[in-house]
Structure formats: structure tokens, C-alpha cells
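Colleague: Structure file data-v5.cif (mmCIF, C-alpha atoms and all ligand atoms) is given on the next line.
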```cif
data_target
#
loop_
_atom_site.label_atom_id
_atom_site.label_comp_id
_atom_site.auth_asym_id
_atom_site.auth_seq_id
_atom_site.Cartn_x
_atom_site.Cartn_y
_atom_site.Cartn_z
CA MET L 1 128.49 -17.03 -71.18
CA SER L 2 129.47 -13.73 -69.59
CA LYS L 3 127.42 -10.73 -70.65
CA SER L 4 129.76 -9.75 -73.43
CA PHE L 5 131.41 -12.35 -75.59
CA LYS L 6 134.41 -10.02 -75.88
CA THR L 7 135.01 -10.97 -72.26
CA PHE L 8 134.03 -14.59 -72.87
CA LEU L 9 136.65 -14.98 -75.61
CA LYS L 10 139.41 -13.81 -73.27
CA HIS L 11 138.44 -15.91 -70.29
CA THR L 12 137.29 -19.15 -71.84
CA ALA L 13 139.36 -22.34 -72.01
CA LYS L 14 141.69 -21.81 -69.08
CA ASP L 15 143.37 -24.94 -67.79
CA PHE L 16 143.42 -25.02 -63.99
CA HIS L 17 144.40 -28.69 -63.99
CA ASN L 18 147.71 -28.08 -65.78
CA GLN L 19 147.84 -24.52 -64.46
CA SER L 20 148.24 -22.83 -67.80
CA VAL L 21 146.12 -20.00 -69.12
CA ASN L 22 145.71 -21.92 -72.37
CA PRO L 23 144.58 -25.53 -72.67
CA PRO L 24 147.13 -28.10 -73.87
CA VAL L 25 147.15 -29.58 -77.35
CA VAL L 26 145.96 -33.14 -76.88
CA ARG L 27 147.07 -35.22 -79.85
CA ALA L 28 145.68 -38.71 -80.00
CA SER L 29 144.71 -41.49 -82.33
CA THR L 30 144.42 -44.04 -79.53
CA ILE L 31 142.54 -42.84 -76.52
CA ILE L 32 143.54 -44.93 -73.58
CA PHE L 33 141.20 -46.32 -70.91
CA LYS L 34 141.89 -48.09 -67.62
CA SER L 35 139.58 -50.99 -68.47
CA MET L 36 137.18 -52.32 -71.09
CA ARG L 37 134.41 -51.30 -68.72
CA ASP L 38 135.57 -47.69 -68.97
CA ILE L 39 135.49 -47.87 -72.78
CA ARG L 40 131.91 -49.13 -72.71
CA LYS L 41 130.94 -46.48 -70.19
CA THR L 42 132.34 -43.73 -72.44
CA GLN L 43 130.60 -45.19 -75.47
CA ALA L 44 127.30 -45.27 -73.61
CA LYS L 45 127.77 -41.64 -72.58
CA ALA L 46 128.59 -40.65 -76.17
CA LYS L 47 125.46 -42.39 -77.40
CA LYS L 48 123.32 -40.64 -74.84
CA ASN L 49 124.95 -37.23 -75.35
CA PRO L 50 126.73 -37.02 -78.72
CA ILE L 51 127.84 -33.43 -78.13
CA GLY L 52 129.16 -34.00 -74.63
CA GLY L 53 132.83 -34.52 -75.51
CA HIS L 54 133.00 -38.28 -74.97
CA TYR L 55 135.41 -39.94 -77.39
CA ASP L 56 136.90 -43.41 -77.75
CA TYR L 57 139.06 -42.72 -80.83
CA GLY L 58 141.01 -39.72 -82.11
CA ARG L 59 138.87 -39.30 -85.20
CA GLN L 60 136.03 -38.19 -82.95
CA GLY L 61 138.22 -35.46 -81.47
CA THR L 62 140.14 -34.77 -78.29
CA SER L 63 139.68 -32.21 -75.53
CA THR L 64 141.44 -29.64 -77.78
CA THR L 65 138.87 -29.87 -80.58
CA TYR L 66 136.06 -30.11 -78.04
CA ILE L 67 137.07 -26.79 -76.44
CA LEU L 68 137.00 -25.05 -79.82
CA GLN L 69 133.59 -26.52 -80.60
CA LYS L 70 132.23 -25.32 -77.26
CA ILE L 71 133.53 -21.78 -77.84
CA LEU L 72 132.09 -21.66 -81.36
CA THR L 73 128.73 -23.02 -80.22
CA LYS L 74 128.47 -20.11 -77.77
CA LEU L 75 129.61 -17.64 -80.38
CA GLU L 76 127.07 -18.88 -82.93
CA GLU L 77 124.33 -19.30 -80.29
CA CYS L 78 123.34 -22.59 -81.84
CA HIS L 79 122.80 -26.24 -80.95
CA HIS L 80 126.22 -27.51 -82.02
CA VAL L 81 129.24 -26.64 -84.18
CA PHE L 82 131.12 -29.25 -86.19
CA THR L 83 134.72 -28.41 -87.11
CA THR L 84 136.29 -29.53 -90.38
CA PRO L 85 139.83 -29.56 -91.82
CA THR L 86 139.00 -26.70 -94.24
CA GLY L 87 136.20 -24.22 -94.76
CA PHE L 88 135.31 -25.96 -97.97
CA GLY L 89 135.02 -29.21 -96.02
CA ALA L 90 132.26 -27.51 -94.01
CA VAL L 91 130.49 -26.50 -97.25
CA PHE L 92 130.65 -30.10 -98.45
CA LEU L 93 129.53 -31.52 -95.11
CA ALA L 94 126.50 -29.22 -94.98
CA ILE L 95 125.30 -30.18 -98.45
CA PHE L 96 126.22 -33.88 -98.23
CA SER L 97 124.39 -34.24 -94.90
CA VAL L 98 120.97 -33.26 -96.18
CA THR L 99 120.83 -34.12 -99.90
CA ARG L 100 120.35 -37.46 -101.64
CA PRO L 101 120.05 -38.62 -105.28
CA GLY L 102 116.94 -37.20 -106.91
CA ASP L 103 116.99 -34.03 -104.79
CA GLU L 104 117.31 -30.47 -106.03
CA ILE L 105 119.11 -27.56 -104.42
CA ILE L 106 118.88 -23.84 -105.11
CA VAL L 107 122.13 -21.94 -104.74
CA ALA L 108 122.98 -18.22 -104.78
CA ASP L 109 124.52 -17.40 -108.16
CA PRO L 110 127.55 -15.55 -106.71
CA VAL L 111 128.79 -18.38 -104.47
CA TYR L 112 132.48 -19.08 -103.92
CA SER L 113 133.55 -20.73 -107.18
CA PRO L 114 134.53 -24.14 -105.68
CA THR L 115 131.03 -24.27 -104.13
CA ARG L 116 129.67 -23.65 -107.60
CA LEU L 117 131.77 -26.49 -109.04
CA LEU L 118 130.72 -28.83 -106.23
CA THR L 119 127.02 -28.20 -106.68
CA GLU L 120 126.75 -27.70 -110.43
CA LYS L 121 129.20 -30.36 -111.61
CA PHE L 122 130.13 -32.87 -108.92
CA LEU L 123 126.71 -33.36 -107.34
CA LYS L 124 125.19 -33.78 -110.79
CA GLU L 125 127.08 -37.07 -111.03
CA PHE L 126 125.08 -38.17 -107.98
CA ASP L 127 121.77 -37.10 -109.55
CA ILE L 128 121.46 -33.97 -107.43
CA LYS L 129 120.36 -31.02 -109.52
CA THR L 130 121.43 -27.45 -108.82
CA ILE L 131 119.58 -24.31 -109.88
CA PHE L 132 121.14 -20.91 -109.29
CA TYR L 133 119.12 -17.89 -108.16
CA ASN L 134 119.77 -14.22 -108.68
CA PRO L 135 120.49 -12.62 -105.27
CA SER L 136 118.88 -9.36 -106.33
CA ASP L 137 115.73 -10.98 -107.72
CA LEU L 138 114.34 -13.56 -105.32
CA LYS L 139 111.58 -14.43 -107.78
CA THR L 140 114.28 -16.52 -109.49
CA LEU L 141 114.51 -18.45 -106.24
CA GLU L 142 110.79 -18.85 -105.62
CA LYS L 143 109.86 -19.89 -109.14
CA ASN L 144 112.46 -22.68 -109.19
CA ILE L 145 111.19 -24.43 -106.08
CA THR L 146 109.79 -27.88 -106.79
CA LYS L 147 108.68 -30.81 -104.64
CA LYS L 148 112.23 -32.11 -104.93
CA THR L 149 113.90 -28.97 -103.54
CA LYS L 150 115.79 -29.93 -100.38
CA LEU L 151 118.09 -27.04 -99.67
CA ILE L 152 118.60 -23.35 -100.31
CA PHE L 153 122.29 -22.48 -100.12
CA VAL L 154 123.13 -18.81 -99.58
CA GLU L 155 126.46 -17.04 -99.45
CA ASN L 156 126.31 -13.54 -98.07
CA PRO L 157 127.62 -11.27 -99.41
CA GLY L 158 128.11 -12.80 -102.85
CA SER L 159 131.65 -13.79 -103.72
CA ASN L 160 133.60 -11.06 -105.58
CA THR L 161 130.49 -8.95 -106.33
CA PHE L 162 129.54 -8.47 -102.66
CA ASP L 163 125.78 -8.54 -103.21
CA PHE L 164 123.90 -8.39 -99.90
CA GLN L 165 120.69 -10.37 -99.93
CA ASP L 166 117.40 -10.12 -98.10
CA LEU L 167 118.10 -13.00 -95.72
CA GLY L 168 114.75 -12.70 -93.92
CA LYS L 169 112.87 -13.00 -97.17
CA ILE L 170 114.90 -16.06 -98.22
CA LEU L 171 114.16 -17.67 -94.87
CA SER L 172 110.44 -17.01 -95.12
CA ILE L 173 110.34 -18.52 -98.64
CA ALA L 174 112.20 -21.58 -97.31
CA LYS L 175 109.90 -21.90 -94.30
CA LYS L 176 106.76 -21.62 -96.40
CA ASN L 177 108.01 -24.42 -98.65
CA LYS L 178 109.56 -26.53 -95.84
CA ILE L 179 113.04 -26.37 -97.35
CA LEU L 180 116.27 -26.49 -95.35
CA THR L 181 118.66 -23.53 -95.46
CA ALA L 182 122.43 -23.09 -95.26
CA ILE L 183 124.54 -19.95 -95.43
CA ASP L 184 128.24 -19.33 -95.93
CA ASN L 185 128.89 -16.65 -93.31
CA THR L 186 132.66 -16.40 -93.68
CA TRP L 187 132.59 -12.67 -94.51
CA GLY L 188 130.61 -11.58 -91.45
CA THR L 189 131.39 -14.38 -88.97
CA PRO L 190 129.00 -14.71 -86.01
CA TYR L 191 130.62 -11.57 -84.60
CA PHE L 192 128.57 -9.53 -87.07
CA LEU L 193 125.77 -11.95 -88.02
CA LYS L 194 124.28 -14.95 -86.21
CA PRO L 195 122.55 -16.98 -88.91
CA ILE L 196 121.19 -19.81 -86.73
CA LYS L 197 119.47 -17.25 -84.48
CA LEU L 198 118.08 -15.61 -87.58
CA GLY L 199 116.53 -18.93 -88.69
CA PHE L 200 119.08 -20.74 -90.88
CA ASP L 201 119.48 -24.48 -90.27
CA MET L 202 123.21 -24.49 -91.01
CA SER L 203 125.92 -21.84 -91.08
CA ILE L 204 129.43 -22.20 -92.45
CA VAL L 205 132.52 -20.20 -91.60
CA SER L 206 135.95 -20.80 -93.12
CA ALA L 207 138.05 -20.70 -89.94
CA THR L 208 141.04 -20.23 -92.23
CA LYS L 209 140.02 -16.55 -92.46
CA TYR L 210 139.14 -14.32 -89.49
CA TYR L 211 138.89 -17.03 -86.82
CA SER L 212 142.54 -17.96 -87.15
CA GLY L 213 143.44 -14.46 -88.31
CA HIS L 214 147.11 -15.12 -88.99
CA SER L 215 147.13 -16.82 -92.41
CA ASP L 216 148.86 -19.91 -91.07
CA VAL L 217 146.13 -22.49 -90.54
CA MET L 218 143.16 -24.00 -92.35
CA GLY L 219 139.85 -25.05 -90.85
CA GLY L 220 136.10 -24.77 -91.09
CA SER L 221 133.07 -24.66 -88.87
CA LEU L 222 129.53 -25.79 -89.49
CA ALA L 223 126.97 -24.51 -86.98
CA VAL L 224 123.65 -26.33 -86.88
CA ASN L 225 120.28 -26.20 -85.17
CA LYS L 226 118.59 -29.18 -83.51
CA LYS L 227 116.59 -30.02 -86.61
CA VAL L 228 119.57 -31.02 -88.76
CA PHE L 229 121.97 -32.10 -86.01
CA ALA L 230 121.49 -35.89 -86.37
CA LYS L 231 121.91 -35.79 -90.15
CA VAL L 232 125.15 -33.79 -89.96
CA TYR L 233 126.43 -35.89 -87.06
CA ASN L 234 125.96 -39.09 -89.10
CA ALA L 235 127.57 -37.57 -92.19
CA GLU L 236 130.50 -36.30 -90.17
CA ARG L 237 131.16 -39.76 -88.76
CA ILE L 238 130.86 -41.41 -92.16
CA THR L 239 133.16 -38.94 -93.96
CA GLY L 240 135.73 -38.48 -91.19
CA LEU L 241 135.70 -34.74 -91.91
CA ARG L 242 137.24 -33.61 -88.65
CA LEU L 243 139.67 -30.87 -87.65
CA GLY L 244 142.95 -32.00 -86.07
CA PRO L 245 144.03 -30.80 -82.60
CA ASP L 246 146.98 -28.63 -83.69
CA ASP L 247 144.83 -26.62 -86.06
CA ALA L 248 142.04 -26.47 -83.46
CA TYR L 249 144.50 -25.02 -80.97
CA LEU L 250 145.66 -22.31 -83.39
CA ILE L 251 142.07 -21.39 -84.21
CA THR L 252 141.21 -21.21 -80.50
CA ARG L 253 144.21 -18.92 -80.04
CA GLY L 254 143.07 -16.73 -82.92
CA LEU L 255 139.57 -16.47 -81.48
CA ARG L 256 140.86 -14.70 -78.36
CA THR L 257 141.36 -11.58 -80.48
CA LEU L 258 138.57 -12.06 -83.03
CA ASP L 259 136.62 -9.04 -81.78
CA VAL L 260 139.68 -6.78 -81.55
CA ARG L 261 140.87 -7.68 -85.02
CA LEU L 262 137.46 -7.50 -86.66
CA ASP L 263 136.75 -4.11 -85.08
CA ARG L 264 140.06 -2.85 -86.50
CA HIS L 265 139.47 -4.46 -89.92
CA ARG L 266 136.10 -2.69 -90.00
CA GLU L 267 137.58 0.66 -88.95
CA ASN L 268 140.39 0.41 -91.52
CA ALA L 269 138.05 -0.80 -94.26
CA ASN L 270 135.72 2.13 -93.60
CA LYS L 271 138.56 4.62 -93.94
CA VAL L 272 139.76 3.03 -97.17
CA ALA L 273 136.15 2.80 -98.43
CA ALA L 274 135.62 6.51 -97.74
CA PHE L 275 138.63 7.25 -99.94
CA LEU L 276 137.65 4.80 -102.68
CA SER L 277 134.02 5.89 -102.78
CA ARG L 278 135.09 9.35 -104.05
CA ASN L 279 136.69 7.94 -107.18
CA LYS L 280 134.53 8.01 -110.32
CA LYS L 281 136.58 5.38 -112.17
CA PHE L 282 135.00 2.51 -110.28
CA LYS L 283 132.12 1.36 -108.16
CA LEU L 284 132.96 0.38 -104.62
CA LEU L 285 131.57 -3.03 -103.69
CA TYR L 286 131.22 -2.63 -99.94
CA PRO L 287 128.30 -1.60 -97.71
CA PHE L 288 129.30 2.04 -97.50
CA LYS L 289 126.99 4.33 -99.46
CA LYS L 290 123.88 4.79 -97.36
CA ASP L 291 121.55 5.25 -100.32
CA SER L 292 122.40 1.88 -101.91
CA VAL L 293 120.32 -1.33 -101.77
CA ASN L 294 123.43 -3.18 -100.67
CA PHE L 295 123.87 -0.88 -97.69
CA ARG L 296 120.20 -1.29 -96.70
CA MET L 297 120.40 -5.09 -96.92
CA TRP L 298 123.62 -5.14 -94.93
CA LYS L 299 122.29 -2.78 -92.27
CA LYS L 300 119.12 -4.82 -91.86
CA TYR L 301 120.99 -7.94 -90.71
CA TYR L 302 124.60 -7.18 -89.76
CA SER L 303 126.07 -5.39 -86.75
CA GLY L 304 129.33 -4.66 -88.59
CA ALA L 305 131.38 -5.19 -91.73
CA SER L 306 134.65 -7.02 -92.20
CA GLY L 307 137.69 -6.07 -94.27
CA LEU L 308 136.94 -7.68 -97.63
CA MET L 309 135.70 -5.45 -100.44
CA GLY L 310 135.67 -5.15 -104.20
CA LEU L 311 136.04 -2.60 -106.97
CA LYS L 312 134.12 -2.75 -110.21
CA ILE L 313 136.41 -0.85 -112.54
CA LYS L 314 135.22 0.51 -115.87
CA SER L 315 138.11 0.65 -118.27
CA LYS L 316 138.72 -0.24 -121.90
CA ASN L 317 142.37 -0.65 -121.03
CA ILE L 318 142.75 -3.95 -119.13
CA ASN L 319 146.51 -3.50 -118.98
CA SER L 320 146.03 -0.34 -116.95
CA VAL L 321 143.87 -2.31 -114.50
CA ARG L 322 146.62 -4.91 -114.25
CA LYS L 323 149.19 -2.16 -113.77
CA PHE L 324 147.10 -0.56 -111.02
CA VAL L 325 146.91 -3.85 -109.11
CA ASN L 326 150.55 -4.73 -109.73
CA SER L 327 151.70 -1.32 -108.49
CA LEU L 328 150.32 -1.84 -105.01
CA ASN L 329 153.22 -2.22 -102.60
CA LEU L 330 151.51 -2.96 -99.31
CA PHE L 331 148.99 -5.46 -100.69
CA GLY L 332 150.18 -9.02 -101.20
CA TYR L 333 148.93 -11.04 -104.16
CA GLY L 334 147.48 -14.32 -103.05
CA TYR L 335 144.33 -16.27 -102.32
CA SER L 336 142.42 -16.33 -99.08
CA TRP L 337 141.82 -13.36 -96.77
CA GLY L 338 140.92 -12.67 -93.14
CA GLY L 339 144.52 -12.59 -91.93
CA PHE L 340 146.31 -9.58 -90.46
CA GLU L 341 147.61 -8.44 -93.82
CA SER L 342 146.22 -6.60 -96.83
CA LEU L 343 145.79 -8.53 -100.06
CA ALA L 344 144.74 -7.76 -103.62
CA LEU L 345 143.47 -9.89 -106.49
CA HIS L 346 142.52 -8.97 -110.00
CA GLN L 347 139.69 -11.42 -110.65
CA GLU L 348 139.94 -12.97 -114.06
CA PHE L 349 136.85 -14.53 -115.56
CA ARG L 350 137.99 -17.95 -114.41
CA GLU L 351 136.36 -17.15 -111.08
CA THR L 352 133.34 -15.24 -112.16
CA GLY L 353 132.56 -15.87 -115.81
CA LYS L 354 130.36 -18.91 -115.44
CA ARG L 355 127.76 -17.13 -113.41
CA LYS L 356 124.28 -16.97 -114.80
CA TYR L 357 123.39 -13.53 -113.49
CA LEU L 358 126.77 -11.77 -113.49
CA ASN L 359 126.19 -8.15 -114.30
CA LEU L 360 129.59 -7.30 -115.76
CA ALA L 361 130.14 -5.58 -119.09
CA LYS L 362 133.13 -6.39 -121.30
CA ASP L 363 134.97 -3.27 -120.19
CA GLU L 364 134.30 -3.83 -116.49
CA HIS L 365 136.82 -5.57 -114.23
CA LEU L 366 136.69 -6.86 -110.70
CA VAL L 367 139.42 -6.28 -108.17
CA ARG L 368 139.21 -7.69 -104.66
CA LEU L 369 140.93 -6.01 -101.73
CA HIS L 370 141.37 -7.35 -98.26
CA ILE L 371 141.99 -4.48 -95.88
CA GLY L 372 144.35 -5.67 -93.18
CA LEU L 373 145.52 -4.30 -89.87
CA GLU L 374 148.19 -1.93 -91.21
CA ASP L 375 147.87 1.83 -90.71
CA PRO L 376 144.97 2.76 -93.02
CA ASN L 377 146.70 6.00 -94.02
CA ASP L 378 149.57 3.96 -95.44
CA LEU L 379 147.11 1.74 -97.31
CA ILE L 380 145.32 4.77 -98.75
CA ALA L 381 148.62 6.35 -99.82
CA ASP L 382 149.60 3.09 -101.50
CA ILE L 383 146.28 2.81 -103.38
CA LYS L 384 146.56 6.49 -104.36
CA GLN L 385 149.96 6.02 -106.03
CA ALA L 386 148.83 2.81 -107.78
CA LEU L 387 145.66 4.48 -109.09
CA LYS L 388 147.79 6.80 -111.24
CA HIS L 389 148.18 3.84 -113.60
CA LEU L 390 144.46 3.31 -114.06
CA LYS L 391 143.17 4.63 -117.37
C1 LIG V 1 133.37 -17.41 -98.78
C2 LIG V 1 134.27 -18.58 -98.66
N1 LIG V 1 133.76 -19.73 -98.23
C3 LIG V 1 134.51 -20.84 -98.10
C4 LIG V 1 135.85 -20.81 -98.42
C5 LIG V 1 136.65 -22.07 -98.29
O1 LIG V 1 137.45 -22.02 -97.15
P1 LIG V 1 138.84 -22.80 -97.06
O2 LIG V 1 139.79 -22.10 -97.93
O3 LIG V 1 139.15 -22.74 -95.60
O4 LIG V 1 138.58 -24.20 -97.52
C6 LIG V 1 136.43 -19.63 -98.86
C7 LIG V 1 137.89 -19.57 -99.20
O5 LIG V 1 138.38 -18.64 -99.78
C8 LIG V 1 135.62 -18.48 -99.00
O6 LIG V 1 136.12 -17.32 -99.46
#
```
What's the C-alpha cells form of this structure?
Modeller:
Amino acid sequence: MSKSFKTFLKHTAKDFHNQSVNPPVVRASTIIFKSMRDIRKTQAKAKKNPIGGHYDYGRQGTSTTYILQKILTKLEECHHVFTTPTGFGAVFLAIFSVTRPGDEIIVADPVYSPTRLLTEKFLKEFDIKTIFYNPSDLKTLEKNITKKTKLIFVENPGSNTFDFQDLGKILSIAKKNKILTAIDNTWGTPYFLKPIKLGFDMSIVSATKYYSGHSDVMGGSLAVNKKVFAKVYNAERITGLRLGPDDAYLITRGLRTLDVRLDRHRENANKVAAFLSRNKKFKLLYPFKKDSVNFRMWKKYYSGASGLMGLKIKSKNINSVRKFVNSLNLFGYGYSWGGFESLALHQEFRETGKRKYLNLAKDEHLVRLHIGLEDPNDLIADIKQALKHLK
């Protein structure tokens, strides 16, 4: 890789063969060979080097998915990156690869709610037990470790509450007890945090968010180290959880500007956070105030912050909270985030209420804001006018 991956992202994946600055989209179910001997040769190469881009059938990928995997592997600084049709597919693949009936897993309490459903409910049917730990009290992690514990699953920061955890401490607990580790790093992406370098065995990013950046494609990536590679490789082949070439192309295209967009998201989010942090009606859930534990934990591990933040609003008048959110003009209402545009969600308890350690009083409400690439002064003005409704 060139010295800076900002340069790498711009110059990678040129196609001198077809003479286009971007590689073609190679769509294939059947991959054609000149002879049976050639098929066998390719299969032998794939066996010898499973990450070398040798395929004999479209389900294993084409040159388009291979290029994306190569770029992401460099970005993550890891052994290999698997790409999946959705970010949640990558969450499933990570857990499914390393757990078996009778195992236990310990999961961060504020995980993305589908991850909670997968671990707590669905895996239970396969005799895999899930215990949740409190991200701000790692004793709840340590004391729940048993001989059956296979995996610690972290999401940083916590979904909706944006709790930043002591990742180094979690890793040292895992190491001491010989337990595998996975992290959902969608918020930071490897632009701001490189989990495999830090010591995690697996790292997930929903490519639907900042990688693609334009809210028009779904995908996921699962970065792994050498230790877990074979397990994930086998699981990937068995499940057929593979990203298609059109989506891979769009994600590769989005990656060209990942650094530019994330730098701007960070800049904009900081300006909006500075405005929001002065308001006494709520607590800003974003690594902004230097004297907070959250800020310290973020600063310890991350080189930057993305555009997703939360507000913990104290109000006895829930309708005024709804009115505040509904009065935003520049923020769209919708799921997902990481695209170019600003979004807002008033989180009802459907998403958060089942948590074991949720620290939310009856008169406290969570609002999630994704700060997009608009002019931050316009966003601030919009929030300012909407806040008039908050009582
Ligand atoms: C933190 C986090 N992880 C994983 C996912 C799942 O990604 P996808 O929607 O691409 O399946 C999401 C989606 O919102 C998310 O917010």
C-alpha cells in the first residue's frame, strides 16, 4: 500500500487491460474454462491459496468481489476480509463460524437490536446461550465467563446509547481466558479504528453505511485474523453468504471517497455537537465533552468520530419530543445511516427496552441523529427551530 491509504483508495483497482480507470463489473454464475484441465488447475490453486482469487463458480465470487476484498483487507490491515450481502449477514457469519451447540457467548448489552434477537432468541434454539454484559462495568463480563464461553461480541459504541468501552481491557480478559473476540465496527470503520490490529479476531462493518456512502446499496464485511480464517471460510462456503458483483462494484466506488466523506461527517458532527452540548434539556451522546468517560474511552482507541450521535432528552412531555423530531426539515426519517444525508429517529422502546442494563428513566427519551454532508450551519438552524417545540 502507498504510505497513505487516502492515496491508496484513489489509485487502487485501475483496469489497464480494459483501459478504464475503474474495473468492470464481472457478473457470472458459470465461470468458463478452456478445458477440464484448466478447471482442475484453478481448483488446485484455490485449495492451496483460498484467498488468492481463484474461483470455479460464481458463488465464490468474481474479479469484482475479489477487488473489493483486497481493498478492504488493506484497509483493515488483517489476514482476509469476507464480504456478505448485508451487514447483518456479516454479524451472523462471525457468530455462526465459531459457535456450536453447548457453547456460551457474552455480548455487549447495547448491541444493534437484530444482533440481540439473533443471539438471545435464535441461537438459543440451537443450544447456544447468550449472556449480556454491561459496557460500563466489565466485571459483568468477567464474572460470566465459564469453560463453555466461546466468544465475546462487542459493538462499539453501543447502539443508540453510544457507550464507548475499554476495548483493550475486554481484549485482555478474552486473552487471559482464551476466548475469541468479535466487534461490530460500523460506527468507526477501519478509517478511525482498526480492530484486528488492536487484537480482535473478527471485525464487522455494515458496508451499507459509510463504505457505500450513498444509501443505495447493502453489504457487509467481516475482517478476520489467521486464527479464525479457516472456520469463517468453511462457514462462508456452507452458507453461501456472499456479496454479488453489482453491489461490490458500488461499494468499491463508495470507498474511493470514504476518507473525504468521513472527514466531513466528523467536521459537521463536531459543529452540531458543539451547538447541542450547550443545551441543558438533554445529554449529548457523542464523544465531545473532554471530561467524560465516553470521551476518554473514545480518545484511547479511535483516531476520529463519525456522524452518528444521540440525544438523551429529559422531558415529561413525550409529545413535545415527538414534535421536536417531526419539526426537523433537513433530517429525513428512516432507518440506516452513513449515507450523504442527515437522518433522525425517535427511538421507541421497541429498540431499546429489552436491554438488561439500559439506564433510561421513564421521562427520558432517545433520539438518534445522523449528521450528513449538508452545510452544518443549515443543520444547526434546522435543529434550533425544531427545539422550540421541546418542553
Ligand atoms: C451497528 C450496526 N451493525 C450492523 C447493522 C446491519 O447492517 P445491514 O443493515 O447492512 O444489514 C446495522 C444496521 O443498521 C448497524 O447499525
Colleague: Report as a PyMOL selection string which protein, DNA and RNA residues come within 8 Å of ligand LIG 1 (chain V), using only C-alpha atoms and all ligand atoms.
Modeller: chain L and resi 85-91+111-112+114-115+155+159+184-187+204-209+218-220+335-337
Colleague: Mind checking which residues fall within 6 Å of stretch 356-369 of chain L, counting all atoms listed in the file, ignoring those fewer than 4 positions away in the same chain, and posting them as a list in words?
Modeller: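 These residues fall inside the cut-off: Leu308, Met309, Gly310, Leu311, Lys312, Ile313, Lys314, Ser315, Lys316, Leu343, Ala344, Leu345, His346 and Gln347 of chain L.
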Colleague: Stretch 40-51 of chain L: which residues within 10 Å, counting only C-alpha atoms, same-chain residues fewer than 2 positions away excluded, as a list in words?
Modeller: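 Once the adjacent positions are removed, what remains is Phe33, Ser35, Met36, Arg37, Asp38, Gly53, His54, Tyr55, Asp56, Tyr66, Gln69, Lys70, His79, His80, Val81, Phe82, Phe229, Ala230 and Tyr233 of chain L.
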Colleague: Could you pull the residues within 9 Å of L:Arg264, counting only C-alpha atoms, minus those fewer than 5 positions along the same chain, as an mmCIF file with C-alpha atoms, in the coordinates of the input?
Modeller:
```cif
data_model
loop_
_atom_site.group_PDB
_atom_site.id
_atom_site.type_symbol
_atom_site.label_atom_id
_atom_site.label_comp_id
_atom_site.auth_asym_id
_atom_site.auth_seq_id
_atom_site.Cartn_x
_atom_site.Cartn_y
_atom_site.Cartn_z
ATOM 1 C CA ASP L 259 136.620 -9.040 -81.780
ATOM 2 C CA ALA L 269 138.050 -0.800 -94.260
ATOM 3 C CA SER L 306 134.650 -7.020 -92.200
ATOM 4 C CA GLY L 307 137.690 -6.070 -94.270
ATOM 5 C CA GLY L 372 144.350 -5.670 -93.180
ATOM 6 C CA LEU L 373 145.520 -4.300 -89.870
#
```
Colleague: Taking all atoms listed in the file into account, which of L:Ile128, L:Ala305, L:Leu68, L:Ala274 comes nearest L:Leu193?
Modeller: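 Ranking L:Ile128, L:Ala305, L:Leu68, L:Ala274 by distance to L:Leu193, first place goes to L:Ala305.
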Colleague: Could you tell me how far atom CA of L:Gly339 lies from atom CA of L:Phe200, in Å and to one decimal?
Modeller: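 We find that atom CA of L:Gly339 and atom CA of L:Phe200 lie 26.7 Å from each other.
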Colleague: Hey, what's within 9 Å of L:Ala174 if we count only C-alpha atoms and toss same-chain stuff fewer than 4 positions away? As a PyMOL selection string, please?
Modeller: chain L and resi 142+151-152+169-170+178-181
Colleague: One number please: atom CA of L:Asp378 to atom CA of L:Gly304, in Å, one decimal.
Modeller: 23.0 Å
Colleague: How far is it from atom CA of L:Asp247 to atom CA of L:Glu374, in Å with one decimal?
Modeller: 25.4 Å
Colleague: What's the 7 Å shell around stretch 325-330 of chain L, counting all atoms listed in the file, without same-chain residues fewer than 4 positions away, as a compact mmCIF listing (two decimals) with C-alpha atoms, in the coordinates of the input?
Modeller:
```txt
# COMPACT_ATOMS: atom_id res chain seq x y z
CA VAL L 321 143.87 -2.31 -114.50
CA SER L 342 146.22 -6.60 -96.83
CA HIS L 346 142.52 -8.97 -110.00
CA LEU L 379 147.11 1.74 -97.31
CA ASP L 382 149.60 3.09 -101.50
CA ILE L 383 146.28 2.81 -103.38
CA ALA L 386 148.83 2.81 -107.78
```
Colleague: Could stretch 312-324 of chain L be completed with N, CA and C atoms and written as a PDB file, in the coordinates of the input, please?
Modeller:
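So the final result, stored in out_6.pdb, reads:
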```
ATOM      1  N   LYS L 312     134.543  -2.445-108.837  1.00  0.00           N
ATOM      2  CA  LYS L 312     134.120  -2.750-110.210  1.00  0.00           C
ATOM      3  C   LYS L 312     134.654  -1.602-111.056  1.00  0.00           C
ATOM      4  N   ILE L 313     135.698  -1.903-111.819  1.00  0.00           N
ATOM      5  CA  ILE L 313     136.410  -0.850-112.540  1.00  0.00           C
ATOM      6  C   ILE L 313     135.965  -0.819-113.995  1.00  0.00           C
ATOM      7  N   LYS L 314     135.593   0.362-114.452  1.00  0.00           N
ATOM      8  CA  LYS L 314     135.220   0.510-115.870  1.00  0.00           C
ATOM      9  C   LYS L 314     136.434   1.035-116.617  1.00  0.00           C
ATOM     10  N   SER L 315     136.952   0.215-117.495  1.00  0.00           N
ATOM     11  CA  SER L 315     138.110   0.650-118.270  1.00  0.00           C
ATOM     12  C   SER L 315     138.243  -0.195-119.539  1.00  0.00           C
ATOM     13  N   LYS L 316     138.500   0.498-120.644  1.00  0.00           N
ATOM     14  CA  LYS L 316     138.720  -0.240-121.900  1.00  0.00           C
ATOM     15  C   LYS L 316     140.155  -0.759-121.973  1.00  0.00           C
ATOM     16  N   ASN L 317     140.951  -0.316-121.023  1.00  0.00           N
ATOM     17  CA  ASN L 317     142.370  -0.650-121.030  1.00  0.00           C
ATOM     18  C   ASN L 317     142.693  -1.634-119.896  1.00  0.00           C
ATOM     19  N   ILE L 318     142.553  -2.919-120.192  1.00  0.00           N
ATOM     20  CA  ILE L 318     142.750  -3.950-119.130  1.00  0.00           C
ATOM     21  C   ILE L 318     144.182  -3.932-118.587  1.00  0.00           C
ATOM     22  N   ASN L 319     145.121  -3.544-119.453  1.00  0.00           N
ATOM     23  CA  ASN L 319     146.510  -3.500-118.980  1.00  0.00           C
ATOM     24  C   ASN L 319     146.702  -2.445-117.887  1.00  0.00           C
ATOM     25  N   SER L 320     145.909  -1.364-117.985  1.00  0.00           N
ATOM     26  CA  SER L 320     146.030  -0.340-116.950  1.00  0.00           C
ATOM     27  C   SER L 320     145.435  -0.846-115.622  1.00  0.00           C
ATOM     28  N   VAL L 321     144.433  -1.712-115.724  1.00  0.00           N
ATOM     29  CA  VAL L 321     143.870  -2.310-114.500  1.00  0.00           C
ATOM     30  C   VAL L 321     144.928  -3.217-113.868  1.00  0.00           C
ATOM     31  N   ARG L 322     145.560  -4.012-114.742  1.00  0.00           N
ATOM     32  CA  ARG L 322     146.620  -4.910-114.250  1.00  0.00           C
ATOM     33  C   ARG L 322     147.754  -4.099-113.608  1.00  0.00           C
ATOM     34  N   LYS L 323     148.083  -2.992-114.267  1.00  0.00           N
ATOM     35  CA  LYS L 323     149.190  -2.160-113.770  1.00  0.00           C
ATOM     36  C   LYS L 323     148.824  -1.559-112.404  1.00  0.00           C
ATOM     37  N   PHE L 324     147.571  -1.109-112.307  1.00  0.00           N
ATOM     38  CA  PHE L 324     147.100  -0.560-111.020  1.00  0.00           C
ATOM     39  C   PHE L 324     147.304  -1.598-109.911  1.00  0.00           C
TER      40      PHE L 324
END
```
